[in-house]
Amino acid sequence: MDLEFLQTVDPQILVGVAVAVVAIAIGAIFLFSSKKPRGVLDPENFRDFKLVKRTQLSHNVAKFTFALPTPTSVLGLPIGQHISCRGKDSQGEEVIKPYTPTTLDSDVGSFELVIKMYPQGRMSHHFREMRVGESLAVKGPKGRFRYQPGQVRAFGMLAGGSGITPMFQVARAILENPKDQTKVHLIYANVTHDDILLKEELEGLASRYPDSFKIYYVLNQPPEVWNGGVGFVSKEMIQTHLPAPAADIQADS
């Protein structure tokens, strides 16, 4: 297009064309920027993810941080589902066990597993021996349950020991979604105070969302000063600290 032609065109037409081009460009940018990243998990094949950090939380609990392929990659794990991890036991035999990450897809670039390593646990041996720089074989997502925001009025959760990780994943997804008004009630049982996993993270949720998240701890062997439940989880505890059964209430354990 030469300059003489441009000089003969009505200025209003040129302005209209310019506006249209800008609108198309903005639309394209919005489309690509708002497109949800594709998860890196493969439901049929194991993929290796490198361990980049290991944080010891107690004598038998550690947090393992694994890098994703790029700083903007997401795992691609639907809320309420888990992954399968493959390793070797103390005899060198292959073992596969399900775990639920404590991170969500809003945590880009890596994912975390909080693992309690039992003395005789086969997969516990694999994690106990893992060192930074080594890789973990992971496949997923797995599981039938999928949480949809706002699907119930309240969610009642009952967890014990390391079973807190899937509950924490769902609770965090609900509470951190400003469009989800679901209330979360959790009873979390352990033997001793030191056995409570993710306590700092749970207390953080309770502090940030006091109207939406209620947690009640139960210990079989409580310390001298303790205001939570004592012994085993009872029917009375459930009736007091979890929402009553109803059509718009969901309970899980």
# chains A, B, ... in the order shown; residues from 1 in each chain; ligands from 1
$ select_by_dssp --residues "stretch 1-201 of chain A" --states "strand (DSSP E)" --output "number ranges by chain"
A: 47-56, 61-67, 82-88, 94-99, 110-116, 135-142, 154-160, 183-190
$ residues_around --residues "stretch 80-91 of chain A" --least-positions-apart "4" --cutoff "10 Å" --atoms "only C-alpha atoms" --output "PyMOL selection string"
chain A and resi 41-43+46-48+95-101+120-127+129-130+135-148+165-171+173
$ residues_around --residues "A:Leu219" --least-positions-apart "3" --cutoff "9 Å" --atoms "only C-alpha atoms" --output "VMD selection string"
chain A and resid 188 to 193 222 to 223 228 to 233
$ select_by_dssp --residues "stretch 17-232 of chain A" --states "helix (DSSP H, G or I)" --output "ChimeraX atom specification"
/A:17-34,122-129,161-175,193-195,199-208
$ atom_distance --atom1 "atom CA of A:Pro78" --atom2 "atom CA of A:Lys63"
21.0 Å
$ atom_distance --atom1 "atom CA of A:Lys116" --atom2 "atom CA of A:Ser253"
18.3 Å
$ closest_residue --among "A:Val61, A:Leu104, A:Val52, A:Ile249" --to "A:Arg172" --atoms "only C-alpha atoms"
A:Leu104
$ residues_around --residues "stretch 234-244 of chain A" --least-positions-apart "4" --cutoff "12 Å" --atoms "only C-alpha atoms" --output "ChimeraX atom specification"
/A:152-159,182-189,213-220,228-230,248-253
$ write_last_selection --atoms "N, CA and C atoms" --output "JSON list (two decimals), in the first residue's frame"
[["chain", "number", "residue", "atom", "x", "y", "z"],
["A", 152, "VAL", "N", -21.85, -28.13, 47.36],
["A", 152, "VAL", "CA", -22.56, -28.35, 48.62],
["A", 152, "VAL", "C", -22.46, -27.10, 49.49],
["A", 153, "ARG", "N", -23.33, -27.04, 50.52],
["A", 153, "ARG", "CA", -23.31, -25.90, 51.44],
["A", 153, "ARG", "C", -22.16, -26.02, 52.43],
["A", 154, "ALA", "N", -21.87, -27.25, 52.85],
["A", 154, "ALA", "CA", -20.81, -27.47, 53.81],
["A", 154, "ALA", "C", -20.17, -28.83, 53.57],
["A", 155, "PHE", "N", -18.90, -28.93, 53.93],
["A", 155, "PHE", "CA", -18.13, -30.15, 53.73],
["A", 155, "PHE", "C", -17.61, -30.60, 55.10],
["A", 156, "GLY", "N", -18.00, -31.81, 55.51],
["A", 156, "GLY", "CA", -17.52, -32.37, 56.76],
["A", 156, "GLY", "C", -16.40, -33.36, 56.50],
["A", 157, "MET", "N", -15.27, -33.19, 57.18],
["A", 157, "MET", "CA", -14.10, -34.04, 56.94],
["A", 157, "MET", "C", -13.64, -34.70, 58.24],
["A", 158, "LEU", "N", -13.31, -35.98, 58.15],
["A", 158, "LEU", "CA", -12.76, -36.71, 59.27],
["A", 158, "LEU", "C", -11.47, -37.37, 58.81],
["A", 159, "ALA", "N", -10.33, -37.00, 59.43],
["A", 159, "ALA", "CA", -9.04, -37.51, 58.98],
["A", 159, "ALA", "C", -8.20, -37.96, 60.17],
["A", 182, "THR", "N", -18.55, -22.54, 50.20],
["A", 182, "THR", "CA", -18.70, -23.77, 50.99],
["A", 182, "THR", "C", -17.96, -23.65, 52.33],
["A", 183, "LYS", "N", -18.61, -24.09, 53.40],
["A", 183, "LYS", "CA", -18.00, -24.13, 54.73],
["A", 183, "LYS", "C", -17.31, -25.48, 54.91],
["A", 184, "VAL", "N", -16.15, -25.47, 55.55],
["A", 184, "VAL", "CA", -15.38, -26.69, 55.77],
["A", 184, "VAL", "C", -15.22, -26.95, 57.26],
["A", 185, "HIS", "N", -15.60, -28.16, 57.70],
["A", 185, "HIS", "CA", -15.47, -28.57, 59.10],
["A", 185, "HIS", "C", -14.61, -29.83, 59.13],
["A", 186, "LEU", "N", -13.52, -29.78, 59.91],
["A", 186, "LEU", "CA", -12.56, -30.88, 59.94],
["A", 186, "LEU", "C", -12.30, -31.37, 61.35],
["A", 187, "ILE", "N", -12.40, -32.70, 61.54],
["A", 187, "ILE", "CA", -11.93, -33.36, 62.75],
["A", 187, "ILE", "C", -10.67, -34.12, 62.37],
["A", 188, "TYR", "N", -9.58, -33.82, 63.06],
["A", 188, "TYR", "CA", -8.29, -34.42, 62.71],
["A", 188, "TYR", "C", -7.72, -35.14, 63.94],
["A", 189, "ALA", "N", -7.61, -36.46, 63.84],
["A", 189, "ALA", "CA", -7.19, -37.29, 64.97],
["A", 189, "ALA", "C", -5.77, -37.81, 64.80],
["A", 213, "PHE", "N", -13.72, -22.04, 57.87],
["A", 213, "PHE", "CA", -12.95, -23.24, 58.18],
["A", 213, "PHE", "C", -12.87, -23.45, 59.69],
["A", 214, "LYS", "N", -13.38, -24.58, 60.14],
["A", 214, "LYS", "CA", -13.34, -24.96, 61.55],
["A", 214, "LYS", "C", -12.60, -26.29, 61.68],
["A", 215, "ILE", "N", -11.64, -26.35, 62.61],
["A", 215, "ILE", "CA", -10.87, -27.58, 62.80],
["A", 215, "ILE", "C", -10.88, -27.97, 64.27],
["A", 216, "TYR", "N", -11.06, -29.27, 64.52],
["A", 216, "TYR", "CA", -11.08, -29.80, 65.87],
["A", 216, "TYR", "C", -10.08, -30.95, 65.94],
["A", 217, "TYR", "N", -9.05, -30.78, 66.78],
["A", 217, "TYR", "CA", -8.02, -31.80, 66.93],
["A", 217, "TYR", "C", -8.41, -32.80, 68.02],
["A", 218, "VAL", "N", -8.08, -34.06, 67.77],
["A", 218, "VAL", "CA", -8.30, -35.12, 68.76],
["A", 218, "VAL", "C", -6.99, -35.89, 68.93],
["A", 219, "LEU", "N", -6.56, -36.03, 70.19],
["A", 219, "LEU", "CA", -5.32, -36.76, 70.47],
["A", 219, "LEU", "C", -5.58, -37.91, 71.42],
["A", 220, "ASN", "N", -4.96, -39.03, 71.14],
["A", 220, "ASN", "CA", -5.07, -40.20, 72.01],
["A", 220, "ASN", "C", -4.20, -40.02, 73.26],
["A", 228, "GLY", "N", -8.33, -29.64, 73.04],
["A", 228, "GLY", "CA", -8.99, -30.39, 71.98],
["A", 228, "GLY", "C", -9.62, -31.66, 72.52],
["A", 229, "GLY", "N", -9.96, -32.58, 71.61],
["A", 229, "GLY", "CA", -10.56, -33.84, 72.01],
["A", 229, "GLY", "C", -9.51, -34.81, 72.54],
["A", 230, "VAL", "N", -9.96, -35.75, 73.37],
["A", 230, "VAL", "CA", -9.07, -36.74, 73.95],
["A", 230, "VAL", "C", -9.61, -38.15, 73.70],
["A", 248, "ASP", "N", -27.61, -31.00, 51.14],
["A", 248, "ASP", "CA", -26.56, -30.10, 50.64],
["A", 248, "ASP", "C", -25.30, -30.16, 51.51],
["A", 249, "ILE", "N", -25.12, -31.27, 52.20],
["A", 249, "ILE", "CA", -23.93, -31.49, 53.02],
["A", 249, "ILE", "C", -23.18, -32.71, 52.49],
["A", 250, "GLN", "N", -21.86, -32.60, 52.40],
["A", 250, "GLN", "CA", -21.05, -33.75, 51.98],
["A", 250, "GLN", "C", -20.06, -34.08, 53.07],
["A", 251, "ALA", "N", -19.89, -35.37, 53.34],
["A", 251, "ALA", "CA", -18.94, -35.81, 54.35],
["A", 251, "ALA", "C", -17.96, -36.78, 53.74],
["A", 252, "ASP", "N", -16.70, -36.74, 54.21],
["A", 252, "ASP", "CA", -15.67, -37.63, 53.67],
["A", 252, "ASP", "C", -14.68, -37.97, 54.78],
["A", 253, "SER", "N", -14.07, -39.14, 54.64],
["A", 253, "SER", "CA", -13.08, -39.57, 55.62],
["A", 253, "SER", "C", -12.03, -40.44, 54.96]]
$ residues_around --residues "A:Lys53" --least-positions-apart "5" --cutoff "10 Å" --atoms "only C-alpha atoms" --output "count of residues only"
9
$ closest_residue --among "A:Val225, A:Leu68, A:Leu57, A:Leu205" --to "A:Val108" --atoms "only C-alpha atoms"
A:Leu68
$ atom_distance --atom1 "atom CA of A:Asn60" --atom2 "atom CA of A:Ile115"
8.3 Å
